[in-house]
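Q: Here you go, one structure.
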Amino acid sequence: DAGVIQSPRHEVTEMGQEVTLRCKPISGHNSLFWYRQTMMRGLELLIYFNNNVPIDDSGMPEDRFSAKMPNASFSTLKIQPSEPRDSAVYFCASSSRRTYGYTFGSGTRLTVV
Amino acid sequence: TQLLEQSPQLLSIQEGENLTVYCNSSSVFSSLQWYRQEPGEGPVLLVTVVTGGEVKKLKRLTFQFGDARKDSSLHITAAQPGDTGLYLCAGRVSGYSTLTFGKGTMLLVSP
């Protein structure tokens, strides 16, 4: 298995532009998580899906952030419009009922200028 | 407030030294995990502990879960430069489906 695949690895965009981050979880994993990592706040859970259904989005900062999981093999996190304070590394992770742990992707480093 | 407090935040040592990093909380966890994150990559699971007082060993790494399941420690014997990374603890509180992560301890091991 190739693991959790995220794209792009790096994204630099101007303030006000729309940004879409993509994630392909491990096949057979039924839970998918989006995290944001910064030096100040560490890893913060934004939203998680179980069997493609959003379960808890209380970590989503504001209405500018949205996430979808149209099928078991794909999820997106969209920021519209983006702001400089959104600059961070965004991670996607997946897990299954049989495992305790999460498998993380390599992350997307987002810079909003 | 941070649910999981990790200490120290930064640890810089020489190759061959021993070290211990800590993960503390006022909450009880049904399970606790340790991850290592290398620059430019996502965290990678090292171990899961579920029983109070449990000790697990992974080569030169020893993980301990506190008797009350509120804290944990990671001890590394004879550290090597390859141990360099951010060590994160993550706990699952009973009744919650997701993991809560600490901010991590950044370990730098110099040759």
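Chain labels follow the order of the structure tokens: the first chain is A, the next B, and so on; residue numbering restarts at 1 in every chain, and ligands are counted from 1 in their shown order.
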Would you list the contacts of Thr105 (chain B) as a VMD selection string, taking every protein, DNA or RNA residue within 12 Å and counting only C-alpha atoms, but skipping same-chain residues closer than 5 positions in sequence?
A: (chain A and resid 39 42) or (chain B and resid 4 to 12 19 to 23 34 to 38 73 to 74 84 to 89)
Q: Create the file for the chosen residues now, containing C-alpha atoms and written as a short mmCIF file (atom, residue, chain, number, x, y, z; two decimals), in the first residue's frame.
A:
data_model
loop_
_atom_site.label_atom_id
_atom_site.label_comp_id
_atom_site.auth_asym_id
_atom_site.auth_seq_id
_atom_site.Cartn_x
_atom_site.Cartn_y
_atom_site.Cartn_z
CA MET A 39 4.44 25.82 15.87
CA GLY A 42 0.68 21.95 17.43
CA LEU B 4 -1.77 16.84 26.96
CA GLU B 5 1.35 18.58 28.21
CA GLN B 6 4.69 17.36 26.93
CA SER B 7 8.06 18.16 28.45
CA PRO B 8 10.62 19.23 27.69
CA GLN B 9 9.67 21.16 24.57
CA LEU B 10 13.21 20.90 23.21
CA LEU B 11 16.01 18.52 24.05
CA SER B 12 19.47 18.70 22.48
CA LEU B 19 16.97 10.71 27.83
CA THR B 20 13.38 10.68 29.04
CA VAL B 21 10.47 12.75 27.75
CA TYR B 22 7.14 13.09 29.46
CA CYS B 23 3.46 13.37 28.58
CA TRP B 34 3.56 7.86 20.82
CA TYR B 35 4.47 9.11 17.34
CA ARG B 36 7.72 10.34 15.81
CA GLN B 37 7.67 13.03 13.15
CA GLU B 38 10.65 13.78 10.94
CA SER B 73 7.03 8.54 29.48
CA LEU B 74 9.41 7.64 26.70
CA THR B 84 16.24 13.08 15.90
CA GLY B 85 12.65 14.20 15.42
CA LEU B 86 9.50 15.52 17.04
CA TYR B 87 8.02 13.05 19.52
CA LEU B 88 4.28 13.41 19.97
CA CYS B 89 2.03 11.74 22.48
#
Q: Identify, on the basis of only C-alpha atoms, every residue whose closest approach to Ala88 (chain A) does not exceed 10 Å; exclude the query and any residue fewer than 2 positions from it along the same chain; express the result as JSON, numbers by chain.
A: {"A": [36, 37, 38, 39, 84, 85, 86, 90, 91, 107, 108, 109, 110, 111, 112]}
Q: Could you tell me, as a PyMOL selection string, which residues of region 10-62 of chain B DSSP assigns to strand (DSSP E) when given the backbone?
A: chain B and resi 10-14+19-24+29-37+44-49+55-58+61-62
Q: Please determine the contact residues of chain B with respect to chain A at a cut-off of 8 Å, counting only C-alpha atoms, and supply them as JSON, numbers by chain.
A: {"B": [33, 40, 41, 42, 43, 44, 45, 48, 100, 101, 102, 103, 104]}
Q: Env of Gly66 (chain B): 6 Å cut, atoms = only C-alpha atoms, seq-sep filter 6 positions within chain, self excluded. Answer as a compact mmCIF listing (two decimals) with C-alpha atoms, in the first residue's frame.
A:
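File out_19.txt, as written:
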# COMPACT_ATOMS: atom_id res chain seq x y z
CA GLY B 52 -2.21 1.32 33.46
CA GLY B 53 1.37 0.52 34.43
CA SER B 72 3.29 8.44 30.02
Q: Quick one: pull the distance between CA of Pro81 (chain A) and CA of Asp63 (chain A), Å, one decimal.
A: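 Between CA of Pro81 (chain A) and CA of Asp63 (chain A) the gap works out to 9.7 Å.
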Q: Write out as an MDAnalysis selection string which residues come within 8 Å of Phe65 (chain A) when counting only C-alpha atoms, dropping same-chain ones fewer than 2 positions away.
A: chainID A and resid 60:63 67 77:80
Q: Write a file of the just-selected residues containing N, CA, C and O atoms, as a PDB file, in the first residue's frame.
A:
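Output file selection_28.pdb is given in full below:
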ATOM      1  N   MET A  60     -13.130  23.054  12.704  1.00  0.00           N
ATOM      2  CA  MET A  60     -12.992  23.898  11.514  1.00  0.00           C
ATOM      3  C   MET A  60     -13.046  25.350  11.969  1.00  0.00           C
ATOM      4  O   MET A  60     -14.026  25.780  12.609  1.00  0.00           O
ATOM      5  N   PRO A  61     -12.020  26.133  11.620  1.00  0.00           N
ATOM      6  CA  PRO A  61     -11.888  27.483  12.191  1.00  0.00           C
ATOM      7  C   PRO A  61     -13.083  28.398  11.906  1.00  0.00           C
ATOM      8  O   PRO A  61     -13.526  29.114  12.776  1.00  0.00           O
ATOM      9  N   GLU A  62     -13.575  28.395  10.711  1.00  0.00           N
ATOM     10  CA  GLU A  62     -14.674  29.291  10.351  1.00  0.00           C
ATOM     11  C   GLU A  62     -15.257  28.845   9.022  1.00  0.00           C
ATOM     12  O   GLU A  62     -14.814  27.860   8.444  1.00  0.00           O
ATOM     13  N   ASP A  63     -16.247  29.594   8.588  1.00  0.00           N
ATOM     14  CA  ASP A  63     -16.966  29.184   7.379  1.00  0.00           C
ATOM     15  C   ASP A  63     -16.106  29.188   6.121  1.00  0.00           C
ATOM     16  O   ASP A  63     -16.512  28.625   5.103  1.00  0.00           O
ATOM     17  N   ALA A  67     -14.938  20.801   4.019  1.00  0.00           N
ATOM     18  CA  ALA A  67     -14.340  19.516   3.672  1.00  0.00           C
ATOM     19  C   ALA A  67     -15.422  18.593   3.146  1.00  0.00           C
ATOM     20  O   ALA A  67     -16.572  18.646   3.585  1.00  0.00           O
ATOM     21  N   LEU A  77     -10.135  19.296   1.324  1.00  0.00           N
ATOM     22  CA  LEU A  77     -10.276  20.381   2.293  1.00  0.00           C
ATOM     23  C   LEU A  77     -10.104  21.674   1.503  1.00  0.00           C
ATOM     24  O   LEU A  77      -9.088  21.863   0.842  1.00  0.00           O
ATOM     25  N   LYS A  78     -11.100  22.522   1.566  1.00  0.00           N
ATOM     26  CA  LYS A  78     -11.090  23.751   0.765  1.00  0.00           C
ATOM     27  C   LYS A  78     -11.091  24.966   1.679  1.00  0.00           C
ATOM     28  O   LYS A  78     -11.805  24.986   2.705  1.00  0.00           O
ATOM     29  N   ILE A  79     -10.317  25.951   1.308  1.00  0.00           N
ATOM     30  CA  ILE A  79     -10.293  27.224   2.024  1.00  0.00           C
ATOM     31  C   ILE A  79     -10.619  28.315   1.007  1.00  0.00           C
ATOM     32  O   ILE A  79      -9.938  28.468   0.000  1.00  0.00           O
ATOM     33  N   GLN A  80     -11.691  29.054   1.274  1.00  0.00           N
ATOM     34  CA  GLN A  80     -12.123  30.094   0.357  1.00  0.00           C
ATOM     35  C   GLN A  80     -12.851  31.202   1.116  1.00  0.00           C
ATOM     36  O   GLN A  80     -13.912  30.945   1.689  1.00  0.00           O
TER      37      GLN A  80
END
Q: Quote the spacing between CA of Pro8 (chain A) and CA of Ser82 (chain A) in Å to one decimal place.
A: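 So the two atoms, CA of Pro8 (chain A) and CA of Ser82 (chain A), lie 16.0 Å apart.
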Q: If we count only C-alpha atoms, what is near Ala79 (chain B) at a cut-off of 8 Å, once residues fewer than 6 positions away on the same chain are taken out, given as a VMD selection string?
A: chain B and resid 14 to 19 109
Q: For each of B:Val55, B:Val93, B:Leu3, B:Val47, take the minimum atom-to-atom distance to Val28 (chain B), counting only C-alpha atoms, then give the residue where this is smallest.
A: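 Looking at the shortest contact to Val28 (chain B), the residue is B:Val93.
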